[in-house]
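**Student:** To be precise about what I am sending: the file is called protein_0.cif and holds mmCIF, C-alpha atoms.
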data_start
loop_
_atom_site.label_atom_id
_atom_site.label_comp_id
_atom_site.auth_asym_id
_atom_site.auth_seq_id
_atom_site.Cartn_x
_atom_site.Cartn_y
_atom_site.Cartn_z
CA MET A 295 -197.25 24.25 5.52
CA THR A 296 -200.62 24.03 3.80
CA ASP A 297 -201.81 26.81 1.54
CA HIS A 298 -205.16 28.32 2.40
CA PRO A 299 -207.56 27.90 -0.54
CA GLN A 300 -208.50 31.05 -2.40
CA SER A 301 -210.77 31.86 -5.30
CA ASP A 302 -208.41 34.31 -7.03
CA PRO A 303 -204.98 32.80 -7.75
CA THR A 304 -203.63 36.25 -8.70
CA SER A 305 -204.53 37.77 -5.31
CA PRO A 306 -201.50 38.86 -3.21
CA GLU A 307 -200.68 36.43 -0.42
CA THR A 308 -199.24 36.82 3.05
CA HIS A 309 -198.66 34.62 6.08
CA PHE A 310 -201.02 33.98 8.94
CA GLY A 311 -198.74 32.11 11.28
CA ALA A 312 -197.51 29.09 9.33
CA ARG A 313 -200.36 29.33 6.80
CA THR A 314 -200.38 31.20 3.52
CA VAL A 315 -203.56 33.26 3.07
CA PRO A 316 -204.84 35.98 0.72
CA GLU A 317 -203.88 39.43 2.04
CA SER A 318 -207.55 40.38 2.05
CA GLU A 319 -208.28 37.70 4.67
CA LYS A 320 -205.53 38.39 7.21
CA LYS A 321 -207.12 41.38 8.95
CA GLY A 322 -210.26 39.41 9.70
CA LEU A 323 -208.27 36.41 10.89
CA VAL A 324 -206.21 38.58 13.24
CA GLN A 325 -209.35 40.23 14.57
CA GLY A 326 -210.73 36.76 15.25
CA VAL A 327 -207.63 35.84 17.27
CA PHE A 328 -207.75 38.93 19.47
CA THR A 329 -211.51 38.87 19.87
CA SER A 330 -211.14 35.34 21.20
CA VAL A 331 -208.38 36.13 23.71
CA ALA A 332 -209.24 39.72 24.71
CA SER A 333 -210.72 38.99 28.13
CA ARG A 334 -207.66 36.96 29.22
CA TYR A 335 -205.01 38.73 27.16
CA ASP A 336 -203.18 40.43 30.04
CA LEU A 337 -203.25 37.31 32.20
CA MET A 338 -201.81 35.22 29.36
CA ASN A 339 -199.03 37.76 28.80
CA ASP A 340 -198.01 37.34 32.43
CA LEU A 341 -198.16 33.56 32.27
CA MET A 342 -196.35 33.19 28.93
CA SER A 343 -193.48 35.51 29.82
CA GLY A 344 -193.32 34.90 33.57
CA GLY A 345 -194.10 38.60 33.95
CA VAL A 346 -191.04 39.64 31.95
CA HIS A 347 -193.21 41.55 29.43
CA ARG A 348 -193.70 44.16 32.16
CA PHE A 349 -189.96 44.78 32.36
CA TRP A 350 -189.78 45.03 28.55
CA LYS A 351 -192.53 47.66 28.56
CA ASP A 352 -190.80 49.56 31.36
CA ALA A 353 -187.57 49.45 29.32
CA MET A 354 -189.54 50.91 26.42
CA MET A 355 -190.61 53.84 28.61
CA ASP A 356 -187.06 54.30 29.95
CA TRP A 357 -185.70 54.74 26.43
CA LEU A 358 -188.67 56.77 25.28
CA ALA A 359 -188.45 59.16 28.27
CA PRO A 360 -191.99 60.61 28.04
CA ARG A 361 -192.23 64.35 28.59
CA PRO A 362 -195.08 66.48 29.96
CA GLY A 363 -197.48 67.72 27.32
CA GLN A 364 -196.56 65.20 24.64
CA VAL A 365 -199.28 63.64 22.48
CA LEU A 366 -198.98 59.86 22.11
CA LEU A 367 -200.55 57.52 19.58
CA ASP A 368 -200.34 53.90 20.72
CA VAL A 369 -201.35 51.58 17.89
CA ALA A 370 -202.48 47.99 18.55
CA GLY A 371 -202.61 49.21 22.13
CA GLY A 372 -205.88 47.48 23.02
CA THR A 373 -205.63 46.92 26.75
CA GLY A 374 -203.70 50.10 27.47
CA ASP A 375 -200.42 48.83 28.94
CA ILE A 376 -198.22 51.24 26.99
CA ALA A 377 -200.48 54.28 27.14
CA PHE A 378 -201.00 53.93 30.90
CA ARG A 379 -197.24 53.75 31.49
CA PHE A 380 -196.69 56.78 29.27
CA LEU A 381 -199.30 58.90 31.04
CA LYS A 382 -197.98 57.95 34.48
CA ARG A 383 -194.53 59.25 33.51
CA ALA A 384 -195.64 62.39 31.69
CA PRO A 385 -198.00 64.76 33.55
CA THR A 386 -200.27 66.74 31.19
CA ALA A 387 -199.47 64.37 28.31
CA THR A 388 -202.37 62.89 26.37
CA ALA A 389 -202.74 59.56 24.59
CA THR A 390 -204.86 57.93 21.92
CA ILE A 391 -205.11 54.16 21.85
CA CYS A 392 -205.92 52.80 18.40
CA ASP A 393 -206.71 49.13 17.79
CA VAL A 394 -208.38 47.26 14.95
CA THR A 395 -210.16 44.90 17.38
CA THR A 396 -212.99 46.52 19.33
CA SER A 397 -213.07 43.79 21.98
CA MET A 398 -209.47 44.63 22.89
CA LEU A 399 -210.44 48.28 23.29
CA GLU A 400 -213.36 47.24 25.46
CA ALA A 401 -211.03 45.16 27.65
CA GLY A 402 -208.74 48.17 28.03
CA ARG A 403 -211.58 50.51 28.94
CA GLY A 404 -212.54 48.14 31.73
CA ARG A 405 -209.18 48.48 33.51
CA ALA A 406 -208.85 50.71 36.57
CA ASP A 407 -206.19 52.93 34.99
CA ALA A 408 -208.55 53.75 32.14
CA GLU A 409 -210.89 55.54 34.53
CA SER A 410 -208.12 57.43 36.30
CA PHE A 411 -206.73 58.72 32.97
CA ALA A 412 -210.12 59.25 31.31
CA GLU A 413 -209.60 62.98 30.71
CA ARG A 414 -206.24 62.41 28.99
CA LEU A 415 -207.08 59.30 27.02
CA ASP A 416 -209.02 58.49 23.83
CA TRP A 417 -209.92 55.09 22.41
CA VAL A 418 -210.26 54.74 18.63
CA ALA A 419 -210.96 51.74 16.40
CA GLY A 420 -208.66 51.88 13.38
CA ASP A 421 -206.34 50.03 11.03
CA ALA A 422 -202.57 50.53 11.39
CA MET A 423 -202.24 50.62 7.60
CA ALA A 424 -204.80 53.43 7.18
CA LEU A 425 -204.89 55.42 10.40
CA PRO A 426 -207.91 57.72 10.89
CA PHE A 427 -205.77 60.71 11.90
CA ARG A 428 -204.43 63.82 10.18
CA ALA A 429 -200.79 64.10 9.18
CA SER A 430 -198.36 65.55 11.74
CA SER A 431 -200.73 65.05 14.69
CA PHE A 432 -198.62 63.21 17.29
CA ASP A 433 -195.31 63.64 19.12
CA VAL A 434 -194.82 59.93 19.80
CA PHE A 435 -195.97 56.76 18.03
CA THR A 436 -195.71 53.42 19.82
CA ILE A 437 -196.70 49.89 18.90
CA ALA A 438 -195.95 46.96 21.21
CA PHE A 439 -196.33 43.35 20.10
CA GLY A 440 -198.67 44.45 17.33
CA ILE A 441 -196.81 45.17 14.13
CA ARG A 442 -196.13 41.52 13.36
CA ASN A 443 -199.91 41.03 13.11
CA VAL A 444 -200.32 43.77 10.48
CA THR A 445 -200.85 42.48 6.94
CA ARG A 446 -198.25 44.86 5.46
CA PRO A 447 -195.93 46.14 8.21
CA GLN A 448 -194.18 48.55 5.86
CA GLU A 449 -197.45 50.39 5.30
CA ALA A 450 -197.95 50.67 9.06
CA LEU A 451 -194.48 52.21 9.37
CA ASN A 452 -195.28 54.61 6.53
CA GLU A 453 -198.45 55.62 8.37
CA ALA A 454 -196.48 56.15 11.57
CA PHE A 455 -194.22 58.57 9.70
CA ARG A 456 -197.21 60.39 8.23
CA VAL A 457 -199.04 61.01 11.50
CA LEU A 458 -195.96 62.03 13.49
CA LYS A 459 -195.02 65.68 13.77
CA PRO A 460 -191.55 66.74 12.56
CA GLY A 461 -189.25 65.84 15.42
CA GLY A 462 -191.60 63.03 16.46
CA ARG A 463 -190.43 59.62 17.57
CA LEU A 464 -191.39 56.07 16.67
CA MET A 465 -190.82 53.21 19.09
CA VAL A 466 -191.66 49.59 18.39
CA LEU A 467 -191.50 46.73 20.89
CA GLU A 468 -191.75 43.34 19.24
CA PHE A 469 -190.63 39.76 19.58
CA SER A 470 -187.47 39.30 17.58
CA ARG A 471 -184.70 36.89 16.58
CA VAL A 472 -182.59 35.16 19.23
CA PRO A 473 -179.04 35.10 17.79
CA ASN A 474 -177.73 32.16 19.85
CA ASP A 475 -178.59 28.81 18.25
CA ALA A 476 -178.85 26.81 21.48
CA LEU A 477 -180.98 29.44 23.19
CA ARG A 478 -183.18 29.74 20.10
CA ARG A 479 -183.84 25.98 20.10
CA ALA A 480 -184.78 26.08 23.78
CA TYR A 481 -187.02 29.08 23.22
CA ASP A 482 -188.72 27.39 20.25
CA ALA A 483 -189.29 24.22 22.27
CA TYR A 484 -190.97 26.23 25.02
CA SER A 485 -192.99 28.35 22.60
CA PHE A 486 -194.40 25.55 20.48
CA ASN A 487 -194.83 22.91 23.19
CA VAL A 488 -196.04 24.99 26.14
CA ILE A 489 -197.73 28.22 25.03
CA PRO A 490 -200.56 26.81 22.86
CA GLY A 491 -201.49 24.36 25.62
CA MET A 492 -201.40 27.17 28.17
CA GLY A 493 -203.67 29.20 25.91
CA LYS A 494 -206.12 26.29 25.75
CA LEU A 495 -206.11 25.96 29.55
CA VAL A 496 -206.52 29.66 30.34
CA THR A 497 -208.64 30.96 27.44
CA GLY A 498 -210.10 27.80 25.92
CA ASP A 499 -208.37 28.71 22.65
CA ARG A 500 -205.32 26.76 21.55
CA ASP A 501 -205.36 27.83 17.90
CA SER A 502 -205.01 31.55 18.59
CA TYR A 503 -201.88 31.01 20.65
CA GLN A 504 -200.49 28.60 18.07
CA TYR A 505 -200.87 31.45 15.57
CA LEU A 506 -199.19 33.96 17.92
CA VAL A 507 -196.18 31.65 18.35
CA GLU A 508 -195.92 31.05 14.61
CA SER A 509 -196.25 34.76 13.83
CA ILE A 510 -193.14 35.53 15.89
CA ARG A 511 -191.07 33.23 13.67
CA LYS A 512 -192.34 35.00 10.55
CA PHE A 513 -191.32 38.48 11.72
CA PRO A 514 -188.13 40.02 10.24
CA ASP A 515 -184.93 39.96 12.26
CA GLN A 516 -183.62 43.09 13.98
CA ASP A 517 -181.50 44.45 11.13
CA THR A 518 -184.13 43.78 8.47
CA PHE A 519 -186.81 45.53 10.50
CA ALA A 520 -184.50 48.48 11.16
CA SER A 521 -184.09 48.80 7.37
CA MET A 522 -187.87 48.88 6.99
CA ILE A 523 -188.06 51.74 9.49
CA ARG A 524 -185.49 53.67 7.45
CA THR A 525 -187.45 52.96 4.27
CA ALA A 526 -190.47 54.66 5.86
CA GLY A 527 -188.39 57.84 6.19
CA PHE A 528 -187.14 57.65 9.77
CA GLU A 529 -183.64 58.69 10.76
CA ARG A 530 -181.37 57.91 13.71
CA VAL A 531 -182.78 54.39 13.65
CA ALA A 532 -181.48 52.10 16.39
CA TYR A 533 -182.51 48.99 18.27
CA ARG A 534 -181.84 47.33 21.60
CA ASN A 535 -182.20 43.62 22.28
CA LEU A 536 -184.14 42.57 25.37
CA SER A 537 -183.69 39.19 27.08
CA LEU A 538 -180.96 38.14 24.64
CA GLY A 539 -183.06 39.04 21.60
CA ILE A 540 -186.33 37.35 22.53
CA ALA A 541 -187.75 40.85 22.12
CA ALA A 542 -186.28 44.04 20.71
CA LEU A 543 -186.97 47.76 20.95
CA HIS A 544 -186.67 49.80 17.74
CA SER A 545 -186.45 53.59 17.72
CA GLY A 546 -186.59 56.11 14.89
CA TRP A 547 -187.10 59.87 14.49
CA LYS A 548 -189.01 61.92 11.94
CA ILE A 549 -186.49 64.65 11.20
#
Once you've parsed the file, please lay out its structure as structure tokens.
**Tutor:**
Amino acid sequence: MTDHPQSDPTSPETHFGARTVPESEKKGLVQGVFTSVASRYDLMNDLMSGGVHRFWKDAMMDWLAPRPGQVLLDVAGGTGDIAFRFLKRAPTATATICDVTTSMLEAGRGRADAESFAERLDWVAGDAMALPFRASSFDVFTIAFGIRNVTRPQEALNEAFRVLKPGGRLMVLEFSRVPNDALRRAYDAYSFNVIPGMGKLVTGDRDSYQYLVESIRKFPDQDTFASMIRTAGFERVAYRNLSLGIAALHSGWKI
């Protein structure tokens, strides 16, 4: 691993994939990744996972059990996959999609579902660590495959707690830690040898998908992340592994 050069040696550092970078640079680097891949993001999700990401998102909705009239905030929700599923299952519910990358929001607005849900859906550019919403504003907070890209995930969880109403629910879908050694080696071989090349072929951008693969390996394991959710103030914290731990769903309640 090669350290990224920085002018201030006392500046806090974080990871950007396998690189070490100043915290102040990560947001811009992440925005660069998602700006680059926005127009082909959904297609690449299908290709990389063989369509399995759709089943993971449906499992998220099954556990979440959306109810009519609820108010959802979906953070890092760019292209709308989670919000659209939520609104389909919950008549009269409303949703706000918040994403730090405007090109991802633009890609989401261009989808057919965005027009059909226009009266129940808002699109907002914003940072997960400093959300532009009042405290106790939402019934449900979701973030799918986004929190590992946040510079300080604990701050994003703290913000989730702040903007949720008492009785509100957090649900996070994220790539996680495969507990079986043999399966993890096979998964790593696929991830590092196939996905960046696929990204180059489909989007013309190998580096962004190399980062996305590396970022998965930097994310905390299931139990560590559950502890972070508790630290933010959530109770009744639980998780469920999906596809043998390739991804995991985390749930917590603001009580």
**Student:** Can you translate the PyMOL selection byres ((chain A and resi 500-517) around 7) into the concrete residues it hits in this file, as a PyMOL selection string?
**Tutor:** chain A and resi 310-312+327+442+469-471+485-486+489-491+493-494+498-499+518-521
**Student:** When distances are computed from only C-alpha atoms, which of A:Gly326, A:Met342, A:Ile391, A:Ala353 shows the smallest separation from A:Tyr481?
**Tutor:**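 Under the stated criterion, the closest residue is A:Met342.
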**Student:** Between A:Trp357, A:Phe455, A:Tyr533, A:Tyr484, single out the one closest to A:Ser431, counting only C-alpha atoms.
**Tutor:** A:Phe455
**Student:** Excluding same-chain residues fewer than 2 positions from A:Leu366, what lies within 12 Å of it counting only C-alpha atoms, as a ChimeraX atom specification?
**Tutor:** /A:358,360-364,368-369,371,376-381,384,386-392,414-417,430-437,454,457-459,462-465
**Student:** So how many Å separate atom CA of A:Thr314 and atom CA of A:Asn487, to one decimal?
**Tutor:** 22.1 Å
**Student:** For A:Ser537, which residue out of A:Asp407, A:Glu319, A:Asp340, A:Glu468 is the nearest one, using only C-alpha atoms?
**Tutor:**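 Looking at the shortest contact to A:Ser537, the residue is A:Glu468.
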**Student:** To one decimal in Å, tell me the separation between atom CA of A:Lys548 and atom CA of A:Ile441.
**Tutor:** 18.6 Å
**Student:** Applied to the shown file, which residues does the PyMOL selection byres ((chain A and resi 397) around 8) return, written as a ChimeraX atom specification?
**Tutor:** /A:328-329,332,395-396,398-401
**Student:** Give the answer as one residue: which of A:Arg348, A:Arg428, A:His309, A:His544 has the shortest atom-to-atom distance to A:Val531, using all atoms listed in the file?
**Tutor:**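 Among the listed residues, the smallest separation from A:Val531 belongs to A:His544.
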**Student:** Which of these, A:Val496, A:Val466, A:Asn443, A:Pro473, has the shortest distance to A:Ser545 once you count only C-alpha atoms?
**Tutor:**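 Smallest separation from A:Ser545 among the options: A:Val466.
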**Student:** Report, in Å with one decimal, the straight-line distance from atom CA of A:Gly461 to atom CA of A:Trp547.
**Tutor:**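 Distance between the two atoms: 6.4 Å.
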**Student:** Is it possible to add N, CA, C and O atoms to stretch 441-462 of chain A and hand it back as an mmCIF file, in the frame of the given file?
**Tutor:**
data_model
loop_
_atom_site.group_PDB
_atom_site.id
_atom_site.type_symbol
_atom_site.label_atom_id
_atom_site.label_comp_id
_atom_site.auth_asym_id
_atom_site.auth_seq_id
_atom_site.Cartn_x
_atom_site.Cartn_y
_atom_site.Cartn_z
ATOM 1 N N ILE A 441 -197.104 44.947 15.546
ATOM 2 C CA ILE A 441 -196.810 45.170 14.130
ATOM 3 C C ILE A 441 -196.626 43.858 13.377
ATOM 4 O O ILE A 441 -196.869 43.785 12.170
ATOM 5 N N ARG A 442 -196.266 42.794 14.075
ATOM 6 C CA ARG A 442 -196.130 41.520 13.360
ATOM 7 C C ARG A 442 -197.480 40.975 12.917
ATOM 8 O O ARG A 442 -197.542 40.075 12.065
ATOM 9 N N ASN A 443 -198.570 41.487 13.489
ATOM 10 C CA ASN A 443 -199.910 41.030 13.110
ATOM 11 C C ASN A 443 -200.520 41.860 11.974
ATOM 12 O O ASN A 443 -201.608 41.540 11.502
ATOM 13 N N VAL A 444 -199.834 42.921 11.560
ATOM 14 C CA VAL A 444 -200.320 43.770 10.480
ATOM 15 C C VAL A 444 -200.056 43.087 9.143
ATOM 16 O O VAL A 444 -198.989 42.494 8.931
ATOM 17 N N THR A 445 -201.005 43.160 8.234
ATOM 18 C CA THR A 445 -200.850 42.480 6.940
ATOM 19 C C THR A 445 -199.621 42.965 6.194
ATOM 20 O O THR A 445 -198.842 42.159 5.671
ATOM 21 N N ARG A 446 -199.414 44.282 6.140
ATOM 22 C CA ARG A 446 -198.250 44.860 5.460
ATOM 23 C C ARG A 446 -197.550 45.811 6.429
ATOM 24 O O ARG A 446 -197.879 47.003 6.478
ATOM 25 N N PRO A 447 -196.596 45.304 7.202
ATOM 26 C CA PRO A 447 -195.930 46.140 8.210
ATOM 27 C C PRO A 447 -195.292 47.405 7.653
ATOM 28 O O PRO A 447 -195.276 48.436 8.337
ATOM 29 N N GLN A 448 -194.790 47.344 6.419
ATOM 30 C CA GLN A 448 -194.180 48.550 5.860
ATOM 31 C C GLN A 448 -195.192 49.683 5.739
ATOM 32 O O GLN A 448 -194.872 50.848 5.987
ATOM 33 N N GLU A 449 -196.425 49.352 5.398
ATOM 34 C CA GLU A 449 -197.450 50.390 5.300
ATOM 35 C C GLU A 449 -197.775 50.983 6.667
ATOM 36 O O GLU A 449 -198.057 52.183 6.787
ATOM 37 N N ALA A 450 -197.729 50.156 7.706
ATOM 38 C CA ALA A 450 -197.950 50.670 9.060
ATOM 39 C C ALA A 450 -196.821 51.629 9.453
ATOM 40 O O ALA A 450 -197.074 52.669 10.076
ATOM 41 N N LEU A 451 -195.606 51.311 9.086
ATOM 42 C CA LEU A 451 -194.480 52.210 9.370
ATOM 43 C C LEU A 451 -194.615 53.511 8.576
ATOM 44 O O LEU A 451 -194.326 54.598 9.090
ATOM 45 N N ASN A 452 -195.055 53.400 7.329
ATOM 46 C CA ASN A 452 -195.280 54.610 6.530
ATOM 47 C C ASN A 452 -196.341 55.495 7.165
ATOM 48 O O ASN A 452 -196.220 56.728 7.185
ATOM 49 N N GLU A 453 -197.398 54.881 7.691
ATOM 50 C CA GLU A 453 -198.450 55.620 8.370
ATOM 51 C C GLU A 453 -197.935 56.269 9.653
ATOM 52 O O GLU A 453 -198.316 57.398 9.990
ATOM 53 N N ALA A 454 -197.073 55.570 10.364
ATOM 54 C CA ALA A 454 -196.480 56.150 11.570
ATOM 55 C C ALA A 454 -195.721 57.429 11.210
ATOM 56 O O ALA A 454 -195.841 58.459 11.904
ATOM 57 N N PHE A 455 -194.967 57.383 10.136
ATOM 58 C CA PHE A 455 -194.220 58.570 9.700
ATOM 59 C C PHE A 455 -195.175 59.696 9.334
ATOM 60 O O PHE A 455 -194.949 60.862 9.676
ATOM 61 N N ARG A 456 -196.259 59.365 8.663
ATOM 62 C CA ARG A 456 -197.210 60.390 8.230
ATOM 63 C C ARG A 456 -197.851 61.120 9.397
ATOM 64 O O ARG A 456 -197.964 62.354 9.385
ATOM 65 N N VAL A 457 -198.282 60.373 10.422
ATOM 66 C CA VAL A 457 -199.040 61.010 11.500
ATOM 67 C C VAL A 457 -198.160 61.659 12.562
ATOM 68 O O VAL A 457 -198.660 62.422 13.398
ATOM 69 N N LEU A 458 -196.862 61.385 12.537
ATOM 70 C CA LEU A 458 -195.960 62.030 13.490
ATOM 71 C C LEU A 458 -195.635 63.452 13.056
ATOM 72 O O LEU A 458 -195.492 63.740 11.871
ATOM 73 N N LYS A 459 -195.489 64.326 14.033
ATOM 74 C CA LYS A 459 -195.020 65.680 13.770
ATOM 75 C C LYS A 459 -193.528 65.645 13.426
ATOM 76 O O LYS A 459 -192.820 64.715 13.835
ATOM 77 N N PRO A 460 -193.008 66.637 12.713
ATOM 78 C CA PRO A 460 -191.550 66.740 12.560
ATOM 79 C C PRO A 460 -190.898 66.786 13.939
ATOM 80 O O PRO A 460 -191.351 67.502 14.834
ATOM 81 N N GLY A 461 -189.867 65.978 14.112
ATOM 82 C CA GLY A 461 -189.250 65.840 15.420
ATOM 83 C C GLY A 461 -189.873 64.749 16.261
ATOM 84 O O GLY A 461 -189.433 64.478 17.383
ATOM 85 N N GLY A 462 -190.916 64.091 15.728
ATOM 86 C CA GLY A 462 -191.600 63.030 16.460
ATOM 87 C C GLY A 462 -190.810 61.734 16.465
ATOM 88 O O GLY A 462 -189.906 61.513 15.656
#
